[in-house]
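Visitor: Coordinates in upload_17.txt, compact mmCIF, C-alpha atoms and all ligand atoms, are listed below.
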# COMPACT_ATOMS: atom_id res chain seq x y z
CA MET A 1 -134.78 2.66 -89.89
CA THR A 2 -134.61 -1.07 -89.47
CA ALA A 3 -132.86 -2.78 -86.58
CA VAL A 4 -131.56 -5.48 -88.92
CA ASN A 5 -127.79 -5.72 -89.02
CA VAL A 6 -126.99 -5.16 -92.69
CA TYR A 7 -123.41 -5.48 -93.75
CA GLN A 8 -121.16 -6.26 -96.69
CA GLN A 9 -120.88 -10.05 -96.67
CA ARG A 10 -118.61 -10.43 -99.67
CA PRO A 11 -114.93 -10.63 -98.69
CA ASN A 12 -112.70 -7.96 -100.17
CA GLY A 13 -110.51 -8.72 -103.16
CA ALA A 14 -107.67 -10.09 -101.03
CA ALA A 15 -109.64 -13.21 -100.05
CA ARG A 16 -109.81 -16.03 -102.59
CA ALA A 17 -113.36 -16.95 -103.48
CA GLU A 18 -114.19 -20.50 -104.52
CA SER A 19 -117.42 -21.26 -106.30
CA PRO A 20 -119.25 -24.52 -105.50
CA LEU A 21 -117.66 -26.05 -108.62
CA TYR A 22 -114.19 -24.66 -108.03
CA HIS A 23 -112.77 -28.15 -107.63
CA ALA A 24 -114.08 -29.21 -111.06
CA GLY A 25 -111.62 -26.87 -112.76
CA LEU A 26 -114.14 -25.70 -115.35
CA ASP A 27 -111.83 -22.90 -116.46
CA GLU A 28 -109.25 -25.47 -117.59
CA LEU A 29 -111.89 -27.53 -119.38
CA ALA A 30 -113.28 -24.53 -121.22
CA GLY A 31 -112.74 -24.50 -124.95
CA LYS A 32 -111.57 -28.12 -125.12
CA GLY A 33 -114.91 -29.65 -126.08
CA SER A 34 -116.01 -30.22 -129.66
CA PRO A 35 -117.41 -27.15 -131.40
CA GLN A 36 -120.25 -29.42 -132.55
CA ALA A 37 -121.17 -30.39 -128.97
CA GLY A 38 -124.92 -30.62 -128.49
CA VAL A 39 -124.73 -29.27 -124.97
CA ARG A 40 -122.79 -26.36 -123.56
CA LEU A 41 -122.34 -25.77 -119.85
CA ARG A 42 -121.13 -22.74 -117.97
CA GLU A 43 -121.10 -21.95 -114.27
CA LYS A 44 -122.36 -18.42 -113.69
CA LYS A 45 -120.39 -18.32 -110.52
CA LEU A 46 -120.22 -16.06 -107.50
CA LEU A 47 -123.22 -13.93 -108.46
CA GLY A 48 -125.21 -12.10 -105.79
CA HIS A 49 -128.27 -14.11 -104.73
CA LEU A 50 -130.85 -12.52 -102.42
CA VAL A 51 -134.04 -14.17 -101.20
CA LEU A 52 -136.79 -11.62 -100.73
CA ARG A 53 -139.98 -12.32 -98.82
CA GLY A 54 -143.02 -10.13 -98.40
CA ASN A 55 -146.73 -9.85 -99.01
CA ALA A 56 -147.46 -10.06 -102.74
CA LYS A 57 -151.00 -8.82 -102.17
CA ASP A 58 -149.78 -5.57 -100.61
CA PRO A 59 -149.49 -2.89 -103.35
CA ALA A 60 -146.90 -1.08 -101.20
CA PHE A 61 -144.66 -4.14 -101.34
CA ALA A 62 -144.86 -4.49 -105.12
CA ALA A 63 -144.33 -0.74 -105.50
CA GLY A 64 -141.31 -0.80 -103.19
CA VAL A 65 -139.72 -3.69 -105.06
CA HIS A 66 -140.26 -1.85 -108.33
CA ARG A 67 -138.76 1.32 -106.92
CA ALA A 68 -135.69 -0.53 -105.64
CA LEU A 69 -135.05 -2.78 -108.62
CA GLY A 70 -136.93 -1.35 -111.58
CA LEU A 71 -138.53 -4.77 -112.01
CA GLU A 72 -142.15 -5.83 -111.64
CA LEU A 73 -142.77 -8.51 -109.05
CA PRO A 74 -143.09 -11.69 -111.16
CA VAL A 75 -146.20 -13.85 -110.84
CA ALA A 76 -146.17 -17.60 -110.14
CA LEU A 77 -143.61 -19.68 -112.06
CA THR A 78 -142.09 -16.75 -113.90
CA LEU A 79 -138.96 -14.69 -113.91
CA VAL A 80 -138.32 -11.14 -115.05
CA ALA A 81 -134.90 -9.88 -116.07
CA ARG A 82 -133.17 -6.70 -117.06
CA GLY A 83 -129.57 -7.02 -118.18
CA GLU A 84 -127.75 -9.28 -115.75
CA THR A 85 -130.34 -8.78 -112.99
CA SER A 86 -133.24 -11.17 -112.59
CA LEU A 87 -136.12 -11.55 -110.18
CA GLN A 88 -137.82 -14.93 -109.92
CA TRP A 89 -140.96 -16.16 -108.17
CA LEU A 90 -140.06 -18.96 -105.77
CA GLY A 91 -143.32 -19.18 -103.85
CA PRO A 92 -146.40 -17.10 -103.04
CA ASP A 93 -144.40 -14.90 -100.64
CA GLU A 94 -140.86 -15.54 -101.80
CA TRP A 95 -138.65 -14.32 -104.67
CA LEU A 96 -135.05 -14.76 -105.72
CA LEU A 97 -133.07 -11.77 -106.90
CA ILE A 98 -129.85 -12.45 -108.77
CA VAL A 99 -127.50 -9.54 -109.43
CA PRO A 100 -123.96 -9.34 -110.84
CA SER A 101 -121.10 -10.22 -108.47
CA GLY A 102 -120.57 -7.58 -105.84
CA GLU A 103 -123.84 -5.72 -106.41
CA GLU A 104 -125.85 -7.65 -103.82
CA PHE A 105 -125.00 -5.40 -100.89
CA ALA A 106 -126.22 -2.28 -102.68
CA ALA A 107 -129.32 -4.14 -103.91
CA GLU A 108 -130.13 -5.26 -100.37
CA GLN A 109 -129.77 -1.71 -99.09
CA ARG A 110 -132.03 -0.36 -101.86
CA LEU A 111 -134.67 -2.99 -101.07
CA ARG A 112 -134.58 -2.31 -97.34
CA GLU A 113 -134.84 1.42 -97.95
CA ALA A 114 -137.78 1.05 -100.34
CA LEU A 115 -139.60 -1.42 -98.07
CA VAL A 116 -138.88 0.22 -94.74
CA GLY A 117 -141.63 -0.38 -92.18
CA GLN A 118 -143.02 -3.39 -94.04
CA HIS A 119 -143.05 -6.98 -92.82
CA ILE A 120 -140.36 -8.29 -95.17
CA SER A 121 -137.13 -10.20 -95.19
CA VAL A 122 -134.05 -10.01 -97.39
CA VAL A 123 -131.45 -12.74 -96.97
CA ASN A 124 -128.16 -12.96 -98.80
CA VAL A 125 -127.84 -16.59 -99.92
CA SER A 126 -125.03 -16.01 -102.43
CA GLY A 127 -122.73 -18.51 -100.75
CA GLY A 128 -125.36 -21.25 -100.61
CA GLN A 129 -126.10 -21.84 -104.24
CA THR A 130 -124.80 -21.43 -107.76
CA LEU A 131 -126.21 -21.01 -111.23
CA LEU A 132 -125.38 -23.37 -114.10
CA GLU A 133 -126.18 -22.36 -117.66
CA LEU A 134 -127.09 -25.19 -120.00
CA SER A 135 -127.37 -24.29 -123.67
CA GLY A 136 -127.18 -25.79 -127.11
CA PRO A 137 -129.50 -27.75 -129.39
CA LYS A 138 -129.55 -30.80 -127.10
CA ALA A 139 -129.84 -28.98 -123.76
CA ARG A 140 -133.56 -29.68 -123.58
CA GLU A 141 -132.97 -33.38 -124.13
CA VAL A 142 -130.62 -33.43 -121.15
CA LEU A 143 -133.38 -31.84 -119.08
CA MET A 144 -135.85 -34.45 -120.34
CA LYS A 145 -133.56 -37.18 -119.03
CA SER A 146 -133.25 -35.48 -115.67
CA THR A 147 -136.63 -34.21 -114.52
CA PRO A 148 -140.26 -35.40 -114.56
CA TYR A 149 -141.34 -31.84 -115.36
CA ASP A 150 -142.54 -31.25 -118.92
CA VAL A 151 -139.90 -29.04 -120.53
CA HIS A 152 -141.61 -28.83 -123.93
CA PRO A 153 -141.81 -25.16 -125.01
CA LEU A 154 -145.62 -25.33 -124.96
CA ASN A 155 -145.49 -26.06 -121.24
CA PHE A 156 -142.19 -24.39 -120.43
CA PRO A 157 -141.89 -21.17 -122.44
CA VAL A 158 -139.03 -18.68 -122.11
CA GLY A 159 -139.47 -16.71 -118.89
CA LYS A 160 -140.82 -19.64 -116.91
CA ALA A 161 -138.98 -20.97 -113.86
CA VAL A 162 -139.95 -24.00 -111.78
CA GLY A 163 -138.61 -25.95 -108.87
CA SER A 164 -138.74 -29.67 -109.46
CA THR A 165 -136.97 -32.92 -108.87
CA PHE A 166 -133.84 -33.32 -110.98
CA ALA A 167 -131.74 -36.48 -111.15
CA LYS A 168 -132.29 -37.64 -107.56
CA THR A 169 -132.11 -34.17 -106.10
CA GLN A 170 -134.09 -30.95 -106.34
CA LEU A 171 -133.29 -27.71 -108.13
CA VAL A 172 -134.84 -24.79 -109.95
CA ILE A 173 -134.96 -24.81 -113.75
CA ARG A 174 -135.15 -21.42 -115.50
CA HIS A 175 -135.84 -21.02 -119.22
CA VAL A 176 -133.97 -17.87 -120.19
CA SER A 177 -133.94 -18.02 -124.00
CA GLU A 178 -134.90 -20.51 -126.67
CA ASP A 179 -131.90 -22.82 -126.35
CA THR A 180 -130.65 -21.62 -122.98
CA TRP A 181 -131.66 -22.83 -119.54
CA GLU A 182 -130.33 -22.12 -116.08
CA LEU A 183 -130.18 -24.51 -113.16
CA LEU A 184 -130.17 -23.08 -109.67
CA VAL A 185 -128.23 -25.58 -107.61
CA ARG A 186 -127.61 -25.83 -103.88
CA ARG A 187 -123.92 -25.59 -103.06
CA SER A 188 -123.69 -29.04 -101.50
CA PHE A 189 -125.39 -30.63 -104.51
CA ALA A 190 -123.30 -28.83 -107.14
CA ASP A 191 -120.78 -31.64 -107.49
CA TYR A 192 -123.51 -34.27 -107.83
CA VAL A 193 -125.34 -32.21 -110.49
CA TRP A 194 -122.07 -31.60 -112.32
CA LEU A 195 -121.34 -35.34 -112.42
CA TRP A 196 -124.92 -36.04 -113.51
CA LEU A 197 -124.80 -33.45 -116.29
CA GLN A 198 -121.54 -34.84 -117.65
CA ASP A 199 -123.07 -38.31 -117.79
CA ALA A 200 -126.41 -37.17 -119.22
CA SER A 201 -124.70 -35.01 -121.85
CA ALA A 202 -122.15 -37.59 -122.94
CA GLU A 203 -124.26 -38.93 -125.85
CA PHE A 204 -124.71 -35.39 -127.27
CA GLY A 205 -121.19 -34.09 -126.60
CA LEU A 206 -120.51 -31.58 -123.86
CA ALA A 207 -118.50 -28.37 -124.17
CA ILE A 208 -117.60 -26.31 -121.13
CA GLN A 209 -117.64 -22.56 -121.47
CA ALA A 210 -115.68 -20.16 -119.33
CA MET B 1 -147.67 -41.71 -110.72
CA LEU B 2 -150.25 -39.21 -109.50
CA HIS B 3 -150.47 -35.69 -110.80
CA ILE B 4 -151.28 -33.27 -108.01
CA PHE B 5 -152.50 -29.72 -108.45
CA CYS B 6 -150.45 -27.31 -106.34
CA PRO B 7 -152.72 -24.36 -105.46
CA HIS B 8 -149.69 -22.07 -105.14
CA CYS B 9 -147.94 -22.99 -108.39
CA GLY B 10 -151.32 -23.26 -110.10
CA GLU B 11 -150.58 -26.36 -112.16
CA GLN B 12 -150.52 -30.14 -112.04
CA ARG B 13 -147.19 -31.49 -110.85
CA SER B 14 -145.65 -34.90 -110.55
CA GLU B 15 -146.25 -36.79 -107.30
CA GLU B 16 -142.55 -37.10 -106.57
CA GLU B 17 -142.32 -33.33 -106.02
CA PHE B 18 -144.62 -33.67 -102.98
CA HIS B 19 -144.63 -35.12 -99.50
CA ALA B 20 -147.66 -36.03 -97.42
CA LYS B 21 -147.63 -34.56 -93.93
CA GLY B 22 -150.60 -36.21 -92.23
CA GLN B 23 -153.99 -35.00 -91.10
CA ALA B 24 -154.98 -31.39 -91.83
CA HIS B 25 -156.98 -28.85 -89.84
CA ILE B 26 -155.47 -29.69 -86.46
CA ALA B 27 -155.81 -26.56 -84.37
CA ARG B 28 -153.10 -26.00 -81.77
CA PRO B 29 -154.64 -25.27 -78.37
CA LEU B 30 -154.51 -21.51 -77.82
CA ASP B 31 -153.31 -21.93 -74.27
CA PRO B 32 -151.23 -25.13 -73.98
CA ASP B 33 -150.65 -24.55 -70.24
CA ALA B 34 -154.40 -24.80 -69.65
CA CYS B 35 -154.67 -28.20 -71.36
CA THR B 36 -155.06 -31.43 -69.46
CA ASP B 37 -152.53 -34.13 -70.35
CA GLU B 38 -155.29 -35.89 -72.23
CA GLU B 39 -156.16 -32.80 -74.29
CA TRP B 40 -152.51 -32.11 -75.08
CA GLY B 41 -151.88 -35.78 -75.91
CA GLU B 42 -154.91 -35.76 -78.17
CA TYR B 43 -153.57 -32.71 -80.03
CA MET B 44 -150.01 -34.00 -80.15
CA PHE B 45 -150.32 -37.69 -80.95
CA PHE B 46 -153.77 -38.85 -81.96
CA ARG B 47 -154.81 -38.76 -85.59
CA ASP B 48 -157.81 -39.89 -87.59
CA ASN B 49 -157.28 -42.85 -89.88
CA PRO B 50 -160.48 -43.01 -91.89
CA ARG B 51 -161.38 -45.43 -94.61
CA GLY B 52 -162.74 -42.96 -97.13
CA LEU B 53 -162.27 -39.21 -97.43
CA HIS B 54 -159.41 -37.66 -95.51
CA HIS B 55 -158.31 -34.02 -95.33
CA GLU B 56 -154.54 -34.03 -95.36
CA LEU B 57 -151.63 -31.63 -95.23
CA TRP B 58 -149.18 -31.92 -98.10
CA VAL B 59 -146.06 -29.96 -98.99
CA HIS B 60 -144.79 -29.14 -102.47
CA SER B 61 -141.29 -29.88 -101.26
CA ALA B 62 -139.40 -29.84 -104.56
CA GLY B 63 -141.44 -26.98 -106.05
CA CYS B 64 -142.61 -23.88 -104.19
CA ARG B 65 -141.88 -25.55 -100.82
CA LYS B 66 -145.25 -24.47 -99.42
CA TYR B 67 -147.90 -26.43 -97.53
CA PHE B 68 -151.47 -26.90 -98.73
CA ASN B 69 -154.44 -29.17 -98.04
CA VAL B 70 -155.64 -32.19 -99.96
CA THR B 71 -158.94 -34.06 -99.76
CA ARG B 72 -158.01 -37.62 -100.62
CA HIS B 73 -159.83 -40.94 -100.67
CA THR B 74 -157.75 -43.37 -98.64
CA VAL B 75 -159.05 -46.45 -100.46
CA THR B 76 -158.95 -45.32 -104.08
CA TYR B 77 -156.12 -42.75 -103.65
CA GLU B 78 -158.27 -40.34 -105.63
CA ILE B 79 -157.51 -36.69 -104.86
CA LEU B 80 -160.80 -34.79 -104.96
CA GLU B 81 -159.42 -31.31 -104.34
CA THR B 82 -156.44 -29.29 -103.15
CA TYR B 83 -156.79 -25.97 -101.37
CA LYS B 84 -154.64 -23.42 -99.59
CA ILE B 85 -153.92 -23.29 -95.88
CA GLY B 86 -156.62 -21.27 -94.15
CA GLU B 87 -159.33 -22.32 -96.61
CA ARG B 88 -162.03 -24.86 -95.82
CA PRO B 89 -162.51 -28.06 -97.85
CA GLY B 90 -165.17 -27.95 -100.53
CA VAL B 91 -165.60 -31.72 -100.53
CA SER B 92 -166.87 -33.45 -97.38
CA GLU B 93 -167.84 -37.04 -96.69
CA LYS B 94 -171.54 -36.15 -96.93
CA LYS B 95 -171.23 -34.20 -100.18
CA ALA B 96 -169.05 -36.91 -101.70
CA VAL B 97 -171.61 -39.62 -100.97
CA GLU B 98 -174.28 -37.42 -102.57
CA GLN B 99 -172.05 -37.11 -105.63
CA GLY B 100 -171.62 -40.85 -105.88
CA VAL B 101 -168.05 -41.28 -104.63
CA PRO B 102 -167.94 -44.65 -102.80
CA ALA B 103 -167.41 -44.26 -99.07
ZN ZN A 301 -146.19 -25.45 -105.57
Go through the file and emit its structure as structure tokens.

Guide:
Amino acid sequence: MTAVNVYQQRPNGAARAESPLYHAGLDELAGKGSPQAGVRLREKKLLGHLVLRGNAKDPAFAAGVHRALGLELPVALTLVARGETSLQWLGPDEWLLIVPSGEEFAAEQRLREALVGQHISVVNVSGGQTLLELSGPKAREVLMKSTPYDVHPLNFPVGKAVGSTFAKTQLVIRHVSEDTWELLVRRSFADYVWLWLQDASAEFGLAIQA
Amino acid sequence: MLHIFCPHCGEQRSEEEFHAKGQAHIARPLDPDACTDEEWGEYMFFRDNPRGLHHELWVHSAGCRKYFNVTRHTVTYEILETYKIGERPGVSEKKAVEQGVPA
């Protein structure tokens, strides 16, 4: 068994949890935008985020990940998903696992059990970042205003995920379905990205979703 | 704006996603305690500054956040190759001259 101290990091229900965009009051803004808005935004808040590192070239690592998660280890610049769980390539030895709120502790335990004895790391980064969902017919145009990366479907098909510069910061863009994109934002940059997205979406109309 | 091929991401990416980190292939002395001050100073502080081909360390800081090597011409800014850490450059000063790249 591993000597790593693994414990439940999510506070129990009695503690109030605030997402990185708590102060923006998105819940109160939800539903007030125009139904014709070209861009829709939702914070997929307080999900479980785990950063997994290991040797992609080791078949035992890939097999262990598959056994623990039921997902194949994604190759460069891609993401695989099943239901609300997704596994994304971040680098040649680094992946991001996102699971529904509260499931991260069990997922970490399953990973550690399946990868026992291997040179790996699993770090719970749930509190350090948040996921914003950008959708709607004009969502791609907002991305085009924000990043130098080519977001045309020929270059950025569904299932692709890239880290790039965005506004004057850096984040990860994930293309999850035709008109739907996700932005993986560092906690301390969430407010800046939120302000940027409001400004960049203004010409298309922005609707907040709960 | 340069487009730089990240060998980890496997595609051309915009220059602003990268940072240059200086000369590549600097081996850390295996036993620092056995170094003279001059040897340690050489390792620590002294860097080549060639006019022509230079092997450099770059990091894909906004993308995969991994380091890799670049062979770059310091006069023309041309990037002749990028390759992973641990690999050797395929383009050298001698080969480049043979291939007609101005020194
Ligand atoms: Zn890269």

Visitor: Segment 79-91 of chain B: which residues within 12 Å, counting only C-alpha atoms, same-chain residues fewer than 6 positions away excluded, as a JSON list (two decimals) with C-alpha atoms, in the frame of the given file?

Guide:
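Output file result.json follows:
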[["chain", "number", "residue", "atom", "x", "y", "z"],
["A", 92, "PRO", "CA", -146.40, -17.10, -103.04],
["B", 2, "LEU", "CA", -150.25, -39.21, -109.50],
["B", 3, "HIS", "CA", -150.47, -35.69, -110.80],
["B", 4, "ILE", "CA", -151.28, -33.27, -108.01],
["B", 5, "PHE", "CA", -152.50, -29.72, -108.45],
["B", 6, "CYS", "CA", -150.45, -27.31, -106.34],
["B", 7, "PRO", "CA", -152.72, -24.36, -105.46],
["B", 8, "HIS", "CA", -149.69, -22.07, -105.14],
["B", 9, "CYS", "CA", -147.94, -22.99, -108.39],
["B", 10, "GLY", "CA", -151.32, -23.26, -110.10],
["B", 11, "GLU", "CA", -150.58, -26.36, -112.16],
["B", 12, "GLN", "CA", -150.52, -30.14, -112.04],
["B", 15, "GLU", "CA", -146.25, -36.79, -107.30],
["B", 24, "ALA", "CA", -154.98, -31.39, -91.83],
["B", 25, "HIS", "CA", -156.98, -28.85, -89.84],
["B", 26, "ILE", "CA", -155.47, -29.69, -86.46],
["B", 27, "ALA", "CA", -155.81, -26.56, -84.37],
["B", 52, "GLY", "CA", -162.74, -42.96, -97.13],
["B", 53, "LEU", "CA", -162.27, -39.21, -97.43],
["B", 54, "HIS", "CA", -159.41, -37.66, -95.51],
["B", 55, "HIS", "CA", -158.31, -34.02, -95.33],
["B", 56, "GLU", "CA", -154.54, -34.03, -95.36],
["B", 57, "LEU", "CA", -151.63, -31.63, -95.23],
["B", 58, "TRP", "CA", -149.18, -31.92, -98.10],
["B", 59, "VAL", "CA", -146.06, -29.96, -98.99],
["B", 60, "HIS", "CA", -144.79, -29.14, -102.47],
["B", 66, "LYS", "CA", -145.25, -24.47, -99.42],
["B", 67, "TYR", "CA", -147.90, -26.43, -97.53],
["B", 68, "PHE", "CA", -151.47, -26.90, -98.73],
["B", 69, "ASN", "CA", -154.44, -29.17, -98.04],
["B", 70, "VAL", "CA", -155.64, -32.19, -99.96],
["B", 71, "THR", "CA", -158.94, -34.06, -99.76],
["B", 72, "ARG", "CA", -158.01, -37.62, -100.62],
["B", 73, "HIS", "CA", -159.83, -40.94, -100.67],
["B", 97, "VAL", "CA", -171.61, -39.62, -100.97],
["B", 98, "GLU", "CA", -174.28, -37.42, -102.57],
["B", 99, "GLN", "CA", -172.05, -37.11, -105.63],
["B", 101, "VAL", "CA", -168.05, -41.28, -104.63]]

Visitor: For chain B, which of A:Asp93, A:Glu113, A:Asp58, A:Asp179 is the closest residue, counting all atoms listed in the file?

Guide: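 For chain B, the nearest of the candidates is A:Asp93.
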
Visitor: So, counting all atoms listed in the file, which residue among B:Gln23, B:Ser14, B:Thr76, B:Asn49 is closest to chain A?

Guide: B:Ser14

Visitor: For chain B, list the residues within 6 Å of chain A, counting all atoms listed in the file, and write the list as a ChimeraX atom specification.

Guide: /B:9,62-64

Visitor: Compile the contact shell of Ala62 of chain A as a compact mmCIF listing (two decimals) with C-alpha atoms, keeping the file's coordinate frame: residues with an atom at most 8 Å away, counting all atoms listed in the file, same-chain residues fewer than 4 positions apart removed.

Guide:
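What landed in part05.txt:
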# COMPACT_ATOMS: atom_id res chain seq x y z
CA ALA A 56 -147.46 -10.06 -102.74
CA ASP A 58 -149.78 -5.57 -100.61
CA HIS A 66 -140.26 -1.85 -108.33
CA GLU A 72 -142.15 -5.83 -111.64
CA LEU A 73 -142.77 -8.51 -109.05

Visitor: Would you compute the distance between atom CA of Leu184 of chain A and atom CA of Ile120 of chain A? Give it in Å to one decimal.

Guide: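 According to the coordinates, atom CA of Leu184 of chain A and atom CA of Ile120 of chain A are separated by 23.1 Å.
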
Visitor: In Å, how far is it from atom CA of Ser61 of chain B to atom CA of Val185 of chain A?

Guide: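 Computing it gives 15.1 Å between the two atoms.
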
Visitor: Distance atom CA of Gly70 of chain A-atom CA of Val176 of chain A, one decimal place?

Guide: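 It comes out at 18.9 Å.
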
Visitor: Can you work out which one of A:Ala139, A:Ala60, A:Leu79, A:Ala114 has the shortest atom-to-atom distance to Gly205 of chain A, counting all atoms listed in the file?

Guide: A:Ala139

Visitor: Out of A:Lys44, A:Glu84, A:Val123, A:Ala161, which residue has the shortest atom-to-atom distance to ligand ZN 301 (chain A) when counting all atoms listed in the file?

Guide: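 Looking at the shortest contact to ligand ZN 301 (chain A), the residue is A:Ala161.
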
Visitor: List every protein, DNA or RNA residue that has at least one atom no more than 8 Å from (-157.2, -50.8, -97.6) in the file's coordinates, counting all atoms listed in the file, and write the result as a short mmCIF file (atom, residue, chain, number, x, y, z; two decimals) with C-alpha atoms, keeping the file's coordinate frame.

Guide:
data_model
loop_
_atom_site.label_atom_id
_atom_site.label_comp_id
_atom_site.auth_asym_id
_atom_site.auth_seq_id
_atom_site.Cartn_x
_atom_site.Cartn_y
_atom_site.Cartn_z
CA ARG B 51 -161.38 -45.43 -94.61
CA THR B 74 -157.75 -43.37 -98.64
CA VAL B 75 -159.05 -46.45 -100.46
#

Visitor: Would you be able to write out as a list of chain:residue names which residues have an atom within 8 Å of (-130.5, -5.3, -96.9) in the file's coordinates, counting all atoms listed in the file?

Guide: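 Residues found, by chain and rising number: A:Val6, A:Tyr7, A:Phe105, A:Ala106, A:Ala107, A:Glu108, A:Gln109, A:Arg110, A:Leu111, A:Arg112, A:Val122, A:Val123.
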
Visitor: Write out as a VMD selection string which residues come within 10 Å of Trp40 of chain B when counting all atoms listed in the file, dropping same-chain ones fewer than 6 positions away.

Guide: chain B and resid 28 to 29 32 to 34 46

Visitor: Go ahead and save the picked residues with C-alpha atoms, as an mmCIF file, in the coordinates of the input.

Guide:
data_model
loop_
_atom_site.group_PDB
_atom_site.id
_atom_site.type_symbol
_atom_site.label_atom_id
_atom_site.label_comp_id
_atom_site.auth_asym_id
_atom_site.auth_seq_id
_atom_site.Cartn_x
_atom_site.Cartn_y
_atom_site.Cartn_z
ATOM 1 C CA ARG B 28 -153.100 -26.000 -81.770
ATOM 2 C CA PRO B 29 -154.640 -25.270 -78.370
ATOM 3 C CA PRO B 32 -151.230 -25.130 -73.980
ATOM 4 C CA ASP B 33 -150.650 -24.550 -70.240
ATOM 5 C CA ALA B 34 -154.400 -24.800 -69.650
ATOM 6 C CA PHE B 46 -153.770 -38.850 -81.960
#

Visitor: If we count all atoms listed in the file and set the cut-off at 10 Å, which residues sit around Leu71 of chain A, ignoring sequence neighbours fewer than 6 positions away in its own chain? Please answer as a list in words.

Guide: Ala62, Ala63, Val65, Val80, Ala81, Arg82, Thr85, Ser86 and Leu87 of chain A

Visitor: Would you mind listing what lies within 7 Å of segment 10-23 of chain A as number ranges by chain, with all atoms listed in the file counted and same-chain residues fewer than 3 positions away left out?

Guide: A: 45-46, 130, 187, 190-191

Visitor: Taking only C-alpha atoms and all ligand atoms into account, name the residue in B:Arg65, B:Ala20, B:Asp48, B:Thr36 that is nearest to ligand ZN 301 (chain A).

Guide: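 Smallest distance to ligand ZN 301 (chain A) is found for B:Arg65.
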
Visitor: Using the partial input, fill out segment 50-66 of chain A with N, CA and C atoms; write the result as a compact mmCIF listing (two decimals), in the coordinates of the input.

Guide:
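File result23.txt, as written:
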# COMPACT_ATOMS: atom_id res chain seq x y z
N LEU A 50 -130.11 -12.99 -103.59
CA LEU A 50 -130.85 -12.52 -102.42
C LEU A 50 -132.25 -13.14 -102.44
N VAL A 51 -132.66 -13.68 -101.31
CA VAL A 51 -134.04 -14.17 -101.20
C VAL A 51 -134.87 -13.09 -100.52
N LEU A 52 -135.91 -12.68 -101.21
CA LEU A 52 -136.79 -11.62 -100.73
C LEU A 52 -138.13 -12.22 -100.36
N ARG A 53 -138.64 -11.85 -99.20
CA ARG A 53 -139.98 -12.32 -98.82
C ARG A 53 -140.83 -11.12 -98.41
N GLY A 54 -142.10 -11.21 -98.72
CA GLY A 54 -143.02 -10.13 -98.40
C GLY A 54 -144.42 -10.50 -98.84
N ASN A 55 -145.33 -9.58 -98.69
CA ASN A 55 -146.73 -9.85 -99.01
C ASN A 55 -147.06 -9.39 -100.43
N ALA A 56 -147.22 -10.37 -101.33
CA ALA A 56 -147.46 -10.06 -102.74
C ALA A 56 -148.77 -9.31 -102.95
N LYS A 57 -149.69 -9.46 -102.00
CA LYS A 57 -151.00 -8.82 -102.17
C LYS A 57 -150.98 -7.36 -101.72
N ASP A 58 -149.88 -6.94 -101.09
CA ASP A 58 -149.78 -5.57 -100.61
C ASP A 58 -149.20 -4.68 -101.72
N PRO A 59 -149.99 -3.73 -102.26
CA PRO A 59 -149.49 -2.89 -103.35
C PRO A 59 -148.22 -2.13 -102.95
N ALA A 60 -148.09 -1.81 -101.65
CA ALA A 60 -146.90 -1.08 -101.20
C ALA A 60 -145.64 -1.94 -101.35
N PHE A 61 -145.80 -3.25 -101.19
CA PHE A 61 -144.66 -4.14 -101.34
C PHE A 61 -144.21 -4.19 -102.80
N ALA A 62 -145.19 -4.43 -103.69
CA ALA A 62 -144.86 -4.49 -105.12
C ALA A 62 -144.26 -3.17 -105.59
N ALA A 63 -144.82 -2.06 -105.09
CA ALA A 63 -144.33 -0.74 -105.50
C ALA A 63 -142.90 -0.52 -104.99
N GLY A 64 -142.64 -0.96 -103.76
CA GLY A 64 -141.31 -0.80 -103.19
C GLY A 64 -140.27 -1.60 -103.95
N VAL A 65 -140.64 -2.83 -104.30
CA VAL A 65 -139.72 -3.69 -105.06
C VAL A 65 -139.42 -3.03 -106.42
N HIS A 66 -140.46 -2.50 -107.04
CA HIS A 66 -140.26 -1.85 -108.33
C HIS A 66 -139.36 -0.62 -108.21
